[in-house]
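Source file: my_file-v8.cif. Holds: mmCIF, C-alpha atoms and all ligand atoms.
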```cif
data_structure
loop_
_atom_site.label_atom_id
_atom_site.label_comp_id
_atom_site.auth_asym_id
_atom_site.auth_seq_id
_atom_site.Cartn_x
_atom_site.Cartn_y
_atom_site.Cartn_z
CA MET Q 1 4.23 12.74 -42.88
CA LYS Q 2 6.64 12.18 -40.04
CA LYS Q 3 6.32 10.51 -36.67
CA ALA Q 4 5.35 13.13 -34.08
CA PHE Q 5 6.05 11.00 -31.05
CA ASP Q 6 7.30 7.54 -30.21
CA GLY Q 7 6.84 6.13 -26.72
CA SER Q 8 7.64 2.81 -25.10
CA VAL Q 9 7.39 1.05 -21.76
CA ASN Q 10 10.05 -1.29 -20.33
CA TYR Q 11 9.25 -4.24 -18.08
CA TYR Q 12 11.67 -5.28 -15.32
CA GLN Q 13 12.17 -8.49 -13.40
CA VAL Q 14 15.31 -9.08 -11.30
CA MET Q 15 14.33 -12.23 -9.37
CA ASP Q 16 12.27 -14.91 -11.12
CA GLU Q 17 9.72 -17.34 -9.64
CA LEU Q 18 12.49 -19.78 -8.68
CA GLY Q 19 14.61 -17.21 -6.90
CA ASN Q 20 17.17 -16.79 -9.71
CA ILE Q 21 18.72 -13.34 -10.02
CA ASP Q 22 19.49 -11.34 -13.16
CA GLN Q 23 22.87 -10.00 -12.04
CA SER Q 24 22.90 -7.27 -14.70
CA LEU Q 25 19.93 -5.60 -12.97
CA PHE Q 26 20.79 -6.40 -9.33
CA PRO Q 27 20.87 -3.13 -7.32
CA ARG Q 28 24.40 -2.42 -6.09
CA ASP Q 29 23.32 -1.17 -2.67
CA LEU Q 30 21.43 -4.40 -1.83
CA ASP Q 31 23.09 -7.06 0.31
CA ASP Q 32 21.84 -10.32 1.82
CA ASN Q 33 21.06 -8.69 5.17
CA LYS Q 34 18.70 -6.31 3.45
CA ILE Q 35 17.09 -9.16 1.52
CA LEU Q 36 16.63 -11.04 4.82
CA GLU Q 37 14.98 -7.91 6.24
CA MET Q 38 12.67 -7.75 3.22
CA TYR Q 39 11.78 -11.38 3.73
CA ARG Q 40 10.98 -10.83 7.42
CA TYR Q 41 8.73 -7.87 6.65
CA MET Q 42 6.93 -9.73 3.87
CA SER Q 43 6.33 -12.66 6.18
CA LEU Q 44 5.13 -10.36 8.99
CA ALA Q 45 2.81 -8.52 6.59
CA ARG Q 46 1.21 -11.79 5.51
CA ALA Q 47 0.79 -12.95 9.11
CA LEU Q 48 -0.73 -9.61 10.11
CA ASP Q 49 -3.09 -9.89 7.16
CA ALA Q 50 -4.29 -13.35 8.21
CA LYS Q 51 -4.83 -12.13 11.78
CA ALA Q 52 -6.77 -9.04 10.70
CA LEU Q 53 -9.02 -11.17 8.52
CA SER Q 54 -9.73 -13.59 11.33
CA LEU Q 55 -10.43 -10.74 13.79
CA GLN Q 56 -12.89 -9.24 11.32
CA ARG Q 57 -14.67 -12.59 10.99
CA GLN Q 58 -14.97 -12.71 14.79
CA GLY Q 59 -16.45 -9.21 14.91
CA ARG Q 60 -13.27 -7.81 16.48
CA ALA Q 61 -12.40 -5.58 13.50
CA VAL Q 62 -14.40 -3.64 10.93
CA THR Q 63 -14.09 -3.92 7.13
CA TYR Q 64 -10.61 -5.04 6.13
CA ALA Q 65 -8.79 -4.94 2.74
CA PRO Q 66 -6.33 -7.86 2.55
CA LEU Q 67 -2.89 -7.47 1.00
CA VAL Q 68 -1.93 -11.14 0.60
CA GLY Q 69 -0.03 -11.62 -2.67
CA GLU Q 70 0.99 -7.97 -2.85
CA GLU Q 71 3.79 -8.10 -0.25
CA ALA Q 72 6.66 -7.61 -2.71
CA THR Q 73 5.13 -4.47 -4.20
CA GLN Q 74 4.62 -2.98 -0.75
CA ILE Q 75 7.82 -4.03 1.03
CA GLY Q 76 10.04 -3.41 -2.02
CA SER Q 77 8.66 0.13 -2.30
CA ALA Q 78 8.95 0.84 1.43
CA MET Q 79 12.55 -0.35 1.59
CA ALA Q 80 13.55 1.84 -1.37
CA LEU Q 81 12.18 4.96 0.31
CA GLY Q 82 14.59 7.33 2.08
CA LYS Q 83 13.97 8.28 5.70
CA ASP Q 84 12.88 11.83 4.87
CA ASP Q 85 10.77 10.83 1.87
CA TYR Q 86 6.98 10.72 2.13
CA PHE Q 87 4.55 7.87 1.66
CA VAL Q 88 0.96 8.43 0.51
CA PRO Q 89 -1.24 5.32 0.77
CA ASN Q 90 -4.66 4.35 -0.45
CA PHE Q 91 -6.37 1.73 1.73
CA ARG Q 92 -4.32 -1.45 1.18
CA GLN Q 93 -0.76 -0.56 2.13
CA GLN Q 94 -0.47 -2.07 5.59
CA GLY Q 95 2.80 -3.66 4.46
CA VAL Q 96 4.35 -0.27 3.68
CA PHE Q 97 3.28 1.07 7.07
CA LEU Q 98 4.88 -1.96 8.74
CA ALA Q 99 8.18 -1.58 6.92
CA ARG Q 100 8.18 2.17 7.68
CA GLY Q 101 8.04 1.31 11.38
CA PHE Q 102 4.40 2.17 12.16
CA GLY Q 103 3.37 0.09 15.20
CA MET Q 104 1.17 -2.93 14.57
CA ASP Q 105 -1.02 -1.94 17.52
CA GLY Q 106 -1.79 1.28 15.61
CA LEU Q 107 -2.77 -0.74 12.54
CA PHE Q 108 -5.05 -3.01 14.58
CA LEU Q 109 -6.56 0.04 16.24
CA TYR Q 110 -7.39 1.38 12.78
CA PHE Q 111 -8.85 -1.97 11.71
CA ARG Q 112 -11.06 -1.72 14.80
CA GLY Q 113 -12.34 1.62 13.56
CA TYR Q 114 -10.52 3.99 15.88
CA GLU Q 115 -9.37 7.30 14.45
CA GLU Q 116 -6.39 7.13 16.79
CA GLY Q 117 -5.05 4.26 14.67
CA ASN Q 118 -5.03 6.53 11.66
CA MET Q 119 -2.95 9.22 13.33
CA ILE Q 120 0.48 8.90 11.82
CA PRO Q 121 3.37 10.39 13.82
CA ARG Q 122 4.64 13.43 11.94
CA ASN Q 123 8.20 12.16 11.75
CA MET Q 124 6.98 9.07 9.90
CA HIS Q 125 6.32 11.25 6.85
CA ALA Q 126 3.17 9.44 5.77
CA LEU Q 127 -0.40 10.48 5.14
CA PRO Q 128 -3.28 8.48 6.62
CA GLY Q 129 -5.11 5.89 4.53
CA ALA Q 130 -7.45 7.28 1.83
CA VAL Q 131 -10.58 5.39 0.79
CA PRO Q 132 -12.02 7.72 -1.92
CA VAL Q 133 -10.31 6.12 -4.91
CA SER Q 134 -7.40 8.12 -6.36
CA THR Q 135 -7.96 11.31 -4.34
CA GLN Q 136 -4.69 10.54 -2.55
CA MET Q 137 -2.82 11.03 -5.83
CA GLN Q 138 -3.74 14.71 -5.73
CA HIS Q 139 -2.36 14.90 -2.21
CA ALA Q 140 0.78 13.07 -3.30
CA ALA Q 141 1.33 15.45 -6.22
CA GLY Q 142 0.75 18.47 -3.97
CA LEU Q 143 3.07 17.11 -1.31
CA ALA Q 144 5.75 16.43 -3.94
CA PHE Q 145 5.40 19.96 -5.33
CA ALA Q 146 5.75 21.30 -1.77
CA GLN Q 147 9.06 19.43 -1.37
CA LYS Q 148 10.35 21.06 -4.51
CA TYR Q 149 9.04 24.49 -3.54
CA LEU Q 150 10.51 24.27 -0.05
CA LYS Q 151 13.72 22.66 -1.38
CA THR Q 152 13.63 19.89 1.25
CA GLY Q 153 15.25 17.34 -1.06
CA ALA Q 154 12.59 14.79 -0.06
CA SER Q 155 10.53 12.80 -2.57
CA VAL Q 156 7.04 11.29 -2.37
CA ILE Q 157 5.68 7.87 -3.29
CA GLY Q 158 1.94 7.68 -3.87
CA PHE Q 159 0.00 4.43 -4.25
CA VAL Q 160 -2.98 3.89 -6.52
CA GLY Q 161 -4.77 0.75 -7.70
CA ASP Q 162 -5.30 -0.37 -11.30
CA GLY Q 163 -8.92 0.80 -10.95
CA GLY Q 164 -7.77 4.12 -9.55
CA THR Q 165 -5.91 4.89 -12.80
CA SER Q 166 -9.26 5.40 -14.55
CA GLU Q 167 -10.13 8.32 -12.26
CA GLY Q 168 -9.69 11.94 -13.28
CA ASP Q 169 -7.73 12.59 -10.09
CA PHE Q 170 -5.04 10.20 -11.28
CA TYR Q 171 -4.51 11.98 -14.60
CA GLU Q 172 -4.67 15.41 -12.99
CA ALA Q 173 -2.06 14.43 -10.41
CA LEU Q 174 0.30 13.04 -13.05
CA ASN Q 175 -0.20 16.05 -15.29
CA PHE Q 176 0.47 18.50 -12.48
CA ALA Q 177 3.55 16.61 -11.29
CA GLY Q 178 4.84 16.42 -14.88
CA VAL Q 179 4.42 20.13 -15.58
CA THR Q 180 5.97 21.15 -12.26
CA LYS Q 181 8.65 18.43 -12.45
CA SER Q 182 7.82 17.50 -8.87
CA PRO Q 183 9.62 14.64 -7.08
CA LEU Q 184 6.75 12.17 -7.24
CA VAL Q 185 6.94 8.42 -7.79
CA ALA Q 186 3.41 7.29 -8.59
CA ILE Q 187 3.10 3.58 -7.91
CA ILE Q 188 0.28 1.60 -9.49
CA GLU Q 189 -0.38 -1.50 -7.42
CA ASN Q 190 -1.91 -3.36 -10.34
CA ASN Q 191 -3.50 -6.35 -8.61
CA GLN Q 192 -5.65 -7.07 -11.70
CA TRP Q 193 -8.96 -6.28 -9.99
CA ALA Q 194 -11.00 -3.28 -8.88
CA ILE Q 195 -13.51 -5.13 -6.71
CA SER Q 196 -15.21 -7.27 -9.44
CA MET Q 197 -13.91 -5.26 -12.43
CA PRO Q 198 -10.99 -7.07 -14.11
CA ARG Q 199 -7.97 -5.24 -15.51
CA SER Q 200 -9.06 -6.23 -19.05
CA ARG Q 201 -12.22 -4.12 -18.70
CA GLN Q 202 -10.53 -1.22 -16.94
CA THR Q 203 -8.91 0.28 -20.04
CA ALA Q 204 -8.12 -0.54 -23.65
CA ALA Q 205 -4.53 0.61 -23.03
CA GLN Q 206 -2.01 -2.22 -23.32
CA THR Q 207 -0.21 -1.15 -20.14
CA LEU Q 208 -1.15 1.16 -17.29
CA ALA Q 209 2.40 2.50 -17.24
CA GLN Q 210 1.90 4.10 -20.67
CA LYS Q 211 -0.51 6.57 -19.07
CA ALA Q 212 2.72 8.37 -18.11
CA ILE Q 213 3.34 9.22 -21.75
CA ALA Q 214 0.45 11.69 -21.93
CA ALA Q 215 1.87 13.44 -18.86
CA GLY Q 216 5.31 13.67 -20.49
CA ILE Q 217 6.99 11.57 -17.82
CA PRO Q 218 8.65 8.13 -17.83
CA GLY Q 219 6.49 5.06 -17.20
CA VAL Q 220 7.85 1.60 -16.40
CA GLN Q 221 6.47 -1.80 -15.51
CA VAL Q 222 7.95 -4.17 -12.99
CA ASP Q 223 7.09 -7.65 -11.80
CA GLY Q 224 5.26 -6.62 -8.64
CA ASN Q 225 5.82 -10.06 -7.11
CA ASP Q 226 9.59 -9.57 -7.31
CA VAL Q 227 10.65 -7.62 -4.24
CA ILE Q 228 14.13 -6.94 -5.63
CA GLY Q 229 12.75 -5.74 -8.96
CA VAL Q 230 10.32 -3.41 -7.21
CA TYR Q 231 13.10 -2.14 -4.94
CA LYS Q 232 15.34 -1.45 -7.95
CA VAL Q 233 12.74 0.33 -10.05
CA ILE Q 234 11.46 2.51 -7.19
CA LYS Q 235 15.00 3.29 -6.04
CA ASP Q 236 15.96 4.38 -9.59
CA ALA Q 237 12.80 6.50 -9.86
CA LEU Q 238 13.57 8.15 -6.51
CA ALA Q 239 17.14 8.82 -7.59
CA ASN Q 240 15.72 10.60 -10.63
CA ALA Q 241 12.96 12.39 -8.70
CA LYS Q 242 14.89 15.67 -8.53
CA ASN Q 243 14.41 15.82 -12.32
CA GLY Q 244 10.70 14.99 -12.18
CA PRO Q 245 8.13 12.26 -11.60
CA THR Q 246 7.99 8.62 -12.71
CA LEU Q 247 5.03 6.30 -13.02
CA VAL Q 248 5.73 2.70 -11.95
CA GLU Q 249 3.25 -0.09 -12.66
CA CYS Q 250 3.80 -3.04 -10.31
CA ILE Q 251 2.15 -6.13 -11.79
CA THR Q 252 0.84 -8.25 -8.99
CA TYR Q 253 -2.34 -10.07 -8.01
CA ARG Q 254 -5.02 -9.70 -5.36
CA MET Q 255 -4.98 -13.27 -4.02
CA SER Q 256 -7.88 -12.72 -1.65
CA MET Q 257 -11.11 -10.74 -1.56
CA HIS Q 258 -11.34 -7.00 -2.30
CA THR Q 259 -12.43 -6.41 1.28
CA THR Q 260 -14.21 -8.50 3.87
CA ALA Q 261 -17.47 -7.22 2.31
CA ASP Q 262 -16.67 -9.00 -0.98
CA ASP Q 263 -16.88 -12.59 -2.25
CA PRO Q 264 -14.58 -13.07 -5.28
CA THR Q 265 -15.79 -16.63 -5.93
CA LYS Q 266 -18.86 -14.95 -7.46
CA TYR Q 267 -16.89 -13.38 -10.32
CA ARG Q 268 -13.49 -15.04 -10.86
CA PRO Q 269 -12.51 -18.65 -11.45
CA GLN Q 270 -10.21 -20.40 -8.99
CA GLU Q 271 -7.93 -21.45 -11.90
CA ASP Q 272 -6.93 -17.80 -12.38
CA VAL Q 273 -5.92 -17.56 -8.74
CA ASP Q 274 -3.97 -20.83 -8.98
CA VAL Q 275 -1.82 -19.43 -11.81
CA TRP Q 276 -0.73 -16.60 -9.52
CA LYS Q 277 -0.09 -18.93 -6.58
CA LYS Q 278 2.94 -20.18 -8.52
CA ARG Q 279 4.26 -16.62 -8.66
CA ASP Q 280 4.11 -16.15 -4.88
CA PRO Q 281 6.28 -13.17 -3.88
CA ILE Q 282 7.41 -14.69 -0.58
CA ALA Q 283 8.23 -18.19 -1.83
CA ARG Q 284 10.74 -16.90 -4.38
CA VAL Q 285 12.70 -14.88 -1.80
CA ARG Q 286 12.76 -17.91 0.43
CA ALA Q 287 14.07 -20.02 -2.48
CA TYR Q 288 16.82 -17.45 -3.06
CA LEU Q 289 17.80 -17.36 0.62
CA ALA Q 290 17.72 -21.16 0.95
CA LYS Q 291 20.00 -21.54 -2.09
CA LYS Q 292 22.50 -19.27 -0.34
CA ASN Q 293 22.19 -21.25 2.90
CA LEU Q 294 20.75 -18.22 4.64
CA TRP Q 295 17.41 -19.83 5.43
CA ASN Q 296 16.08 -23.19 6.60
CA ASP Q 297 13.01 -24.75 8.21
CA GLN Q 298 14.27 -23.97 11.70
CA LYS Q 299 14.64 -20.28 10.92
CA GLU Q 300 11.24 -20.27 9.26
CA GLN Q 301 9.64 -21.77 12.37
CA ALA Q 302 11.37 -19.25 14.62
CA LEU Q 303 10.18 -16.39 12.40
CA THR Q 304 6.61 -17.72 12.36
CA ASP Q 305 6.59 -17.97 16.17
CA GLN Q 306 8.07 -14.52 16.60
CA ASN Q 307 5.54 -13.01 14.16
CA LEU Q 308 2.62 -14.58 15.98
CA ARG Q 309 3.91 -13.39 19.36
CA SER Q 310 4.39 -9.80 18.24
CA ILE Q 311 1.02 -9.79 16.47
CA ASP Q 312 -0.78 -11.13 19.56
CA GLU Q 313 0.87 -8.46 21.70
CA ALA Q 314 -0.23 -5.74 19.27
CA VAL Q 315 -3.81 -7.07 19.19
CA GLU Q 316 -3.92 -7.14 22.98
CA LYS Q 317 -2.73 -3.56 23.14
CA ALA Q 318 -5.26 -2.43 20.51
CA GLU Q 319 -8.12 -4.27 22.20
CA SER Q 320 -7.40 -2.76 25.61
CA PHE Q 321 -7.51 0.74 24.15
CA LYS Q 322 -10.26 2.92 25.59
CA GLY Q 323 -11.20 5.39 22.91
CA ASP Q 324 -13.16 8.59 23.20
CA PRO Q 325 -16.10 8.36 20.75
CA ALA Q 326 -15.79 12.12 20.24
CA SER Q 327 -12.57 11.46 18.36
CA ILE Q 328 -14.54 10.60 15.22
CA PHE Q 329 -15.15 14.35 14.90
CA GLU Q 330 -11.49 15.20 15.19
CA HIS Q 331 -8.41 14.83 13.00
CA VAL Q 332 -10.06 15.82 9.72
CA TYR Q 333 -9.66 19.58 10.07
CA SER Q 334 -7.05 21.51 12.01
CA TYR Q 335 -9.99 23.33 13.62
CA MET Q 336 -13.58 22.20 14.29
CA PRO Q 337 -15.92 23.64 11.60
CA ASP Q 338 -19.38 24.75 12.82
CA ILE Q 339 -21.15 21.92 11.05
CA LEU Q 340 -19.05 19.29 12.81
CA GLN Q 341 -19.40 21.07 16.13
CA GLU Q 342 -23.19 20.91 15.73
CA GLU Q 343 -23.03 17.19 15.00
CA LEU Q 344 -20.75 16.63 17.98
CA ASP Q 345 -23.14 18.53 20.27
CA ALA Q 346 -26.14 16.59 18.95
CA ALA Q 347 -24.33 13.27 19.42
CA ALA Q 348 -23.21 14.20 22.93
CA ALA Q 349 -26.80 15.11 23.87
CA SER Q 350 -28.27 11.89 22.53
CA ASN Q 351 -28.96 8.69 24.39
CA PHE Q 352 -27.23 6.67 21.68
CA TRP Q 353 -24.00 8.41 22.55
CA GLN Q 354 -24.23 7.41 26.21
CA GLN Q 355 -25.08 3.85 25.26
CA GLN Q 356 -21.97 3.65 23.12
CA GLN Q 357 -19.83 4.85 25.99
CA THR Q 358 -21.37 2.43 28.48
CA GLN Q 359 -20.96 -0.45 26.05
CA GLN Q 360 -17.34 0.41 25.54
CA GLU Q 361 -16.69 0.67 29.27
CA ASN Q 362 -18.24 -2.79 29.70
CA GLY Q 363 -16.00 -4.09 26.93
CA GLU Q 364 -18.95 -4.99 24.71
C1 LIG Q 401 -14.26 7.66 -5.73
C2 LIG Q 401 -14.65 6.28 -5.29
N1 LIG Q 401 -15.38 5.50 -6.09
C3 LIG Q 401 -15.71 4.26 -5.72
C4 LIG Q 401 -15.29 3.75 -4.53
C5 LIG Q 401 -15.62 2.32 -4.12
N2 LIG Q 401 -14.39 1.53 -4.25
C6 LIG Q 401 -13.60 1.29 -3.22
S1 LIG Q 401 -12.23 0.43 -3.66
C7 LIG Q 401 -12.73 0.34 -5.26
C8 LIG Q 401 -11.92 -0.37 -6.29
C9 LIG Q 401 -10.51 0.07 -6.30
O1 LIG Q 401 -9.77 -0.75 -7.15
P1 LIG Q 401 -8.25 -0.49 -7.38
O2 LIG Q 401 -8.02 0.96 -7.61
O3 LIG Q 401 -7.78 -1.43 -8.41
O4 LIG Q 401 -7.58 -0.81 -5.96
P2 LIG Q 401 -7.60 -2.22 -5.17
O5 LIG Q 401 -8.83 -2.23 -4.35
O6 LIG Q 401 -7.57 -3.31 -6.17
O7 LIG Q 401 -6.36 -2.20 -4.32
C10 LIG Q 401 -13.94 1.00 -5.44
C11 LIG Q 401 -14.64 1.11 -6.73
C12 LIG Q 401 -14.50 4.60 -3.69
N3 LIG Q 401 -14.02 4.18 -2.52
N4 LIG Q 401 -14.18 5.84 -4.11
MG MG Q 402 -6.86 -3.27 -8.11
#
```
Whole structure, structure tokens version:
Amino acid sequence: MKKAFDGSVNYYQVMDELGNIDQSLFPRDLDDNKILEMYRYMSLARALDAKALSLQRQGRAVTYAPLVGEEATQIGSAMALGKDDYFVPNFRQQGVFLARGFGMDGLFLYFRGYEEGNMIPRNMHALPGAVPVSTQMQHAAGLAFAQKYLKTGASVIGFVGDGGTSEGDFYEALNFAGVTKSPLVAIIENNQWAISMPRSRQTAAQTLAQKAIAAGIPGVQVDGNDVIGVYKVIKDALANAKNGPTLVECITYRMSMHTTADDPTKYRPQEDVDVWKKRDPIARVRAYLAKKNLWNDQKEQALTDQNLRSIDEAVEKAESFKGDPASIFEHVYSYMPDILQEELDAAAASNFWQQQQTQQENGE
């Protein structure tokens, strides 16, 4: 008997809960200006999150999936991405969109249910949000293969949740990317919950990163509340993407509800949430910056004010948008299939359709 295979998964943390850095892992291309930029984006993402939640509660936005607690995973990944690389989201990556330069008014438009808010400018190299769990990983793998086939030199990051890693699409995407050695970095945003299903019941596997082993590709874990750790691990994976894919498991926590349609107090104890409060991804960056005299209460206040101003402006812009209800039939196909055309015609002929338009014109 001999050992046929031996696999392992490394875990990375560069910045701890108190803002201390492990210099041996600190990425060489990172400087304090970039860390300040990360901090600003994380802070903006959290403020945008709070605003979206409050708008939804006032009936000014539809269902919303909060990101609070997951800022380091999202901003660290976004900042590691090259300009020409692609980003494939699921439904919770508002922070990545922000840090990629997608306008906040567009995000609010999407939260209000307008298709126009889900139209990503081509040069942004991102796909629109995907709600069917894990289907986006197939798109990410295909997009990554296309980069290799067309020799563009670009790579792709694709986001999936801990729950999403139990779907067939996830395994198929990893397998395909592994066989074709496509430049894909598959990022698991492991926030410990899939609605009310805890990570412990999701799989008997000790880590989610080890799912890479079956696909013959490297899998690593990183403290997903450590923005510098996430940046480092994703940057390294992207640097290696020309040789093939990597699976990165970011270990973070969903501090809030799954979506505004969910009430987590029904299935998880507050004590669990309190443990993760101490690992807050924003507080530790602030501690680091304060220790270096790069941050103080005055700067924090100025940032808070500036965030609120820019968010209010974006909301105003999104709320003054006059959409064409017909747009719900567009943007899915490059052409209008007969079945959709029939539905569009039926909707246009109905009274309901006119009522919708009148209501919108009256700002109701
Ligand atoms: C194929 C499919 N099954 C079920 C759902 C309903 N659903 C939406 S989100 C979700 C849980 C996803 O959990 P996870 O992948 O961990 O991502 P998270 O929401 O935690 O970011 C489920 C079951 C769906 N959207 N698509
Ligand atoms: Mg989850």
Practice task
Grab me every residue within 9 Å of ligand LIG 401 (chain Q), counting all atoms listed in the file, and send it over as a PyMOL selection string.
Solution key: chain Q and resi 65-67+90-93+130-135+160-167+188-199+202+253-254+258-259
Completion exercise
Computed gap from CA of Met79 in chain Q to CA of Ile213 in chain Q is 26.9 Å
Handout entry: Interatomic distance, CA of Met104 in chain Q to CA of His139 in chain Q (Å, one decimal)
Key = 24.7 Å
Handout entry: Distance of CA of Ala78 in chain Q from CA of Gln23 in chain Q, expressed in Å to one decimal place
Key =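 Calculated distance between CA of Gln23 in chain Q and CA of Ala78 in chain Q is 22.2 Å.
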Handout entry: Neighbour list for Val273 in chain Q as a list of chain:residue names, cut-off 10 Å, all atoms listed in the file, skip fewer than 4 positions in-chain
Key =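 After dropping sequence-adjacent residues, the list is Q:Tyr253, Q:Arg254, Q:Met255, Q:Ser256, Q:Arg268, Q:Pro269, Q:Lys277, Q:Lys278.
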Filtering to C-alpha atoms, could you give me those residues as a PDB file, in the frame of the given file?
```pdb
ATOM      1  CA  TYR Q 253      -2.340 -10.070  -8.010  1.00  0.00           C
ATOM      2  CA  ARG Q 254      -5.020  -9.700  -5.360  1.00  0.00           C
ATOM      3  CA  MET Q 255      -4.980 -13.270  -4.020  1.00  0.00           C
ATOM      4  CA  SER Q 256      -7.880 -12.720  -1.650  1.00  0.00           C
ATOM      5  CA  ARG Q 268     -13.490 -15.040 -10.860  1.00  0.00           C
ATOM      6  CA  PRO Q 269     -12.510 -18.650 -11.450  1.00  0.00           C
ATOM      7  CA  LYS Q 277      -0.090 -18.930  -6.580  1.00  0.00           C
ATOM      8  CA  LYS Q 278       2.940 -20.180  -8.520  1.00  0.00           C
TER       9      LYS Q 278
END
```
Practice task
Using all atoms listed in the file, determine which residues lie at most 12 Å from Ala326 in chain Q, disregarding the query and same-chain residues fewer than 5 positions distant; provide the list as a list in words.
Solution key: Tyr114, Glu115, Glu116, His331, Met336, Leu340, Gln341, Glu343, Leu344, Asp345, Ala346, Ala347, Ala348, Ala349, Trp353, Gln354, Gln356 and Gln357 of chain Q
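Counting all atoms listed in the file and comparing Q:Cys250, Q:Ala241, Q:Leu81, Q:Ile217, the residue that lies closest to Leu184 in chain Q is Q:Ala241.
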Exercise for the section: Would you mind telling me which residue in Q:Leu150, Q:Leu308, Q:Ala290, Q:Ile251 lies nearest to ligand MG 402 (chain Q) when using only C-alpha atoms and all ligand atoms? Expected result: Q:Ile251
Give the centre and edge lengths of an axis-aligned box, in Å to one decimal, that holds all listed atoms of range 312-315 of chain Q with 8 Å on each side, as lines of an AutoDock Vina configuration file.
```
center_x = -1.5
center_y = -8.4
center_z = 20.4
size_x = 20.7
size_y = 21.4
size_z = 18.5
```
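Using only C-alpha atoms, the smallest distance between any of Q:Ala173, Q:Val230, Q:Ala205, Q:Leu238 and Tyr86 in chain Q comes from Q:Leu238.
For the choices Q:Arg46, Q:Lys34, Q:Lys51, Q:Arg40, the atom-to-atom distance to Ala314 in chain Q is smallest for Q:Lys51 when using all atoms listed in the file.
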Handout entry: Selected residue, from Q:Gln147, Q:Thr252, Q:Gln298, Q:Gln355, that lies nearest to ligand MG 402 (chain Q) when counting all atoms listed in the file
Key =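 Residue with the minimum atom-to-atom distance to ligand MG 402 (chain Q): Q:Thr252.
Minimum distance to ligand MG 402 (chain Q) across Q:Phe111, Q:Phe159, Q:Phe26, Q:Tyr12 (counting all atoms listed in the file) occurs at Q:Phe159.
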What's the 9 Å shell around Tyr288 in chain Q, counting only C-alpha atoms, without same-chain residues fewer than 4 positions away, as a PDB file with C-alpha atoms, in the frame of the given file?
```pdb
ATOM      1  CA  MET Q  15      14.330 -12.230  -9.370  1.00  0.00           C
ATOM      2  CA  LEU Q  18      12.490 -19.780  -8.680  1.00  0.00           C
ATOM      3  CA  GLY Q  19      14.610 -17.210  -6.900  1.00  0.00           C
ATOM      4  CA  ASN Q  20      17.170 -16.790  -9.710  1.00  0.00           C
ATOM      5  CA  ILE Q  21      18.720 -13.340 -10.020  1.00  0.00           C
ATOM      6  CA  ALA Q 283       8.230 -18.190  -1.830  1.00  0.00           C
ATOM      7  CA  ARG Q 284      10.740 -16.900  -4.380  1.00  0.00           C
ATOM      8  CA  LYS Q 292      22.500 -19.270  -0.340  1.00  0.00           C
ATOM      9  CA  ASN Q 293      22.190 -21.250   2.900  1.00  0.00           C
ATOM     10  CA  LEU Q 294      20.750 -18.220   4.640  1.00  0.00           C
ATOM     11  CA  TRP Q 295      17.410 -19.830   5.430  1.00  0.00           C
TER      12      TRP Q 295
END
```
Exercise for the section: Name the residues within 6 Å of (12.7, 13.5, 1.4), counting all atoms listed in the file in the file's coordinates, and put them as a count of residues only. Expected result: 5
